[in-house]
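Chemist: Structure incoming, see below.
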Amino acid sequence: MFGIFRSLRNLARLGRILLSLARHDALFPLDRTAGAAPFLRITRLVRRRGPGAASRPGERLAAALTEMGPSFIKLGQILSTRADLLGDEITEDLALLQDRLPPFSGRQARALIEAEFEEPLGNLFQSFEETAIAAASIAQVHFAVTTDGREVAVKVLRPGIARAFARDIDLFLWLARLTERTQPSLRRLKPVQVVETLAQSVELEMDFRFEAAAASELAENFAGDSGFRVPRIDWQRTGRTVLTTERIAGIRVDDREALLAAGHSIDNLLSNAAGAFFKQVFRDGFFHADLHPGNIFVDRDGALAVVDFGIMGRLDRETRYYLADMLLGFLSGDYRRVAEVHFDAGYVPRRRSIDAFTQAARSIGEPILGRPLHEISVARLLAQLFHVTEQFEMETQPQLLLLQKTMVLVEGVGRRLDPGANIWTLARPLVEEWMRENRGPEAQLRQRIDILLEAVDEVPRLLRGLDKIVTDWASEGVVLHAESLATNAAQRAKLLPFMVIPLWIAAAALVAIAVMLLTGR
């Protein structure tokens with residue numbers, strides 16, 4: 001009975017969603033859906049195409065999602081990372097979706113804070129501004145002053161938002177599963193996977209303790225860096241539904257006129273942004289993944305200050321190696337290297353042809369190779385690569401899709417400040433230096449030595465394992481005759497030289513490194 005009720009409820013909501021999409025002429029994803037043509041002809045009678053209507057499909061879809069509310073805005077932001085599914089133009093438009101909603105009342109915010117900490121607001125803050133300075137789909141922010149006189153920003157979870165998201169995600173999952181069952185041609189879009197990604201993202205975003213931990217980690221990574229600031233967390237006034245941080249004063253990074261009027265150098269800001277982005281991605285493997293202009297400010301000293309740490313990305317060391325090798329392979333025209341990187345990383349199955357993949361990489365790289373670096377969009381290059389690799393059974397790499405979305409945002413910020421600039425142009429020397437330190441001959445030798453030393457460390461464990469086997473046998477009443485023990489000892493003696501060999505290899509390698517360092521080679 002519940003299943004029937006759920007289906008009827010979701011069908012009614014689906015009808016309202018389709019009408020909203022139709023009003024914005026944003027039903028184009030259904031164009032290739034079997035049996036949808038008659039329905040599309042009817043719904044397009046209600047489309048809204050006045051003089052001010054958006055013209056591009058992605059703009060129309062973004063407008064429809066914004067109208068439908070917070071859950072749909074988040075869904076659009078997730079889809080903005082899937083250029084491999086929707087194409088470059090649509091995902092670029094979706095990447096511009098901003099969480100801007102009417103604020104809830106300051107009285108509600110006060111009540112929510114008191115409920116979170118189970119004490120009067122006056123025990124936490126000596127003053128609290130009831131007018132929100134920013135309101136998004138999940139939360140809104142108020143300025144306040146703590147009882148010990150510190151200026152802070154207080155982020156409060158929107159009331160009822162958890163229940164609203166749960167209802168909408170239930171609808172999305174129901175619709176995604178229905179689509180996969182009834183529309184085989186759309187299974188390649190992986191609708192269930194997209195919705196599950198959205199659900200996981202929202203679950204983390206709605207617990208502000210996780211966001212506080214992310215901000216703390218990012219701040220720790222940039223400790224002592226005067227060019228990049230992360231607001232301090234007030235842990236005493238932070239909980240599941242409330243996040244309190246140091247108040248950031250500065251100019252939005254995309255306000256070029258205000259930045260110039262304040263005496264800031266655009267070139268210095270771009271260089272600083274490139275360095276900060278490089279350090280997050282390559283040095284730390286932990287990056288802010290929602291770097292739209294509303295989350296980046298420039299303080300009076302010219303440092304970049306970032307806020308809103310609900311969406312963060314991680315890259316392990318092997319993925320960073322892959323990314324650096326791949327980007328430098330493209331920009332140097334070494335397409336064979338690009339292909340080898342994908343095969344070595346296991347992203348493309350070995351049964352596929354490396355020669356064919358090299359040719360596919362060339363089809364992406366050649367159109368950009370002769371162009372000036374400032375005209376090259378690395379985010380677009382990644383999007384094209386993901387699209388091509390779909391043909392080679394390359395599995396989706398969620399961490400790279402999130403990085404590609406972040407690159408779109410960062411490149412957009414850079415070009416607003418200076419249309420002729422490119423973040424990659426500025427970051428390339430840093431990436432190349434990092435490559436020499438982490439992927440050069442000495443680095444590879446150090447990595448091999450680490451592997452050997454790990455193998456050496458395993459030798460005592462293996463010997464203890466053999467002793468344990470003998471002890472267990474003895475405890476179970478298994479009798480080993482003298483001849484058996486002698487045979488076992490002889491076998492161990494034969495293995496001993498092989499166990500010692502790694503020690504000699506490691507020692508020789510260490511000597512070689514020492515010689516290289518002393519001679520400066």
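Ordering of the structure tokens sets the chain letters (A, B, ...), residue numbers begin anew at 1 in every chain, and ligands are numbered from 1 in the order given.
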Looking only at alpha helix (DSSP H) from DSSP on the backbone, list the matching residues of range 160-318 of chain A as a count of residues only.

Modeler: 72

Chemist: Please provide as a PyMOL selection string all residues within 10 Å of range 162-166 of chain A, with the sequence filter that same-chain residues fewer than 4 positions apart are discarded (counting only C-alpha atoms).

Modeler: chain A and resi 69-72+74+138+157-158+170-172+199+202-203+206

Chemist: Residues at most 9 Å from range 143-150 of chain A, counting only C-alpha atoms, excluding those fewer than 5 positions away in the same chain, as number ranges by chain?

Modeler: A: 122-133, 155, 246-247

Chemist: Hey, can you check how far CA of Val194 in chain A sits from CA of Ala95 in chain A?

Modeler: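 About the pair CA of Val194 in chain A and CA of Ala95 in chain A: they are 15.6 Å apart.
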
Chemist: Under the rule that only C-alpha atoms are counted, which of A:Arg23, A:Arg352, A:Arg9, A:Arg232 is the nearest residue to Ala63 in chain A?

Modeler: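 The shortest atom-to-atom distance to Ala63 in chain A comes from A:Arg23.
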
Chemist: Considering only C-alpha atoms, return as a ChimeraX atom specification whatever protein or nucleic-acid residues lie within 10 Å of Arg337 in chain A, sequence-local ones (same chain, fewer than 3 positions apart) excluded.

Modeler: /A:325-326,328-330,332-334,340-343,358,361

Chemist: I'd like the interatomic distance between CA of Glu196 in chain A and CA of Arg209 in chain A, to a tenth of an Å.

Modeler: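 Rounded to one decimal, the two atoms are 21.5 Å apart.
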
Chemist: Which of these, A:Asn221, A:Asn272, A:Phe309, A:Gly239, has the shortest distance to Gly285 in chain A once you count only C-alpha atoms?

Modeler: A:Asn221

Chemist: Extract, using only C-alpha atoms, all DNA, RNA and protein residues at most 12 Å from Asp255 in chain A, discarding same-chain residues fewer than 4 positions from it, and format them as an MDAnalysis selection string.

Modeler: chainID A and resid 250:251 259:262 264 266 293:294 296:298 413:414 416:418

Chemist: Rounded to one decimal in Å, what is the spacing between CA of Ala360 in chain A and CA of Ala383 in chain A?

Modeler: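 Going from CA of Ala360 in chain A over to CA of Ala383 in chain A, I get 13.6 Å.
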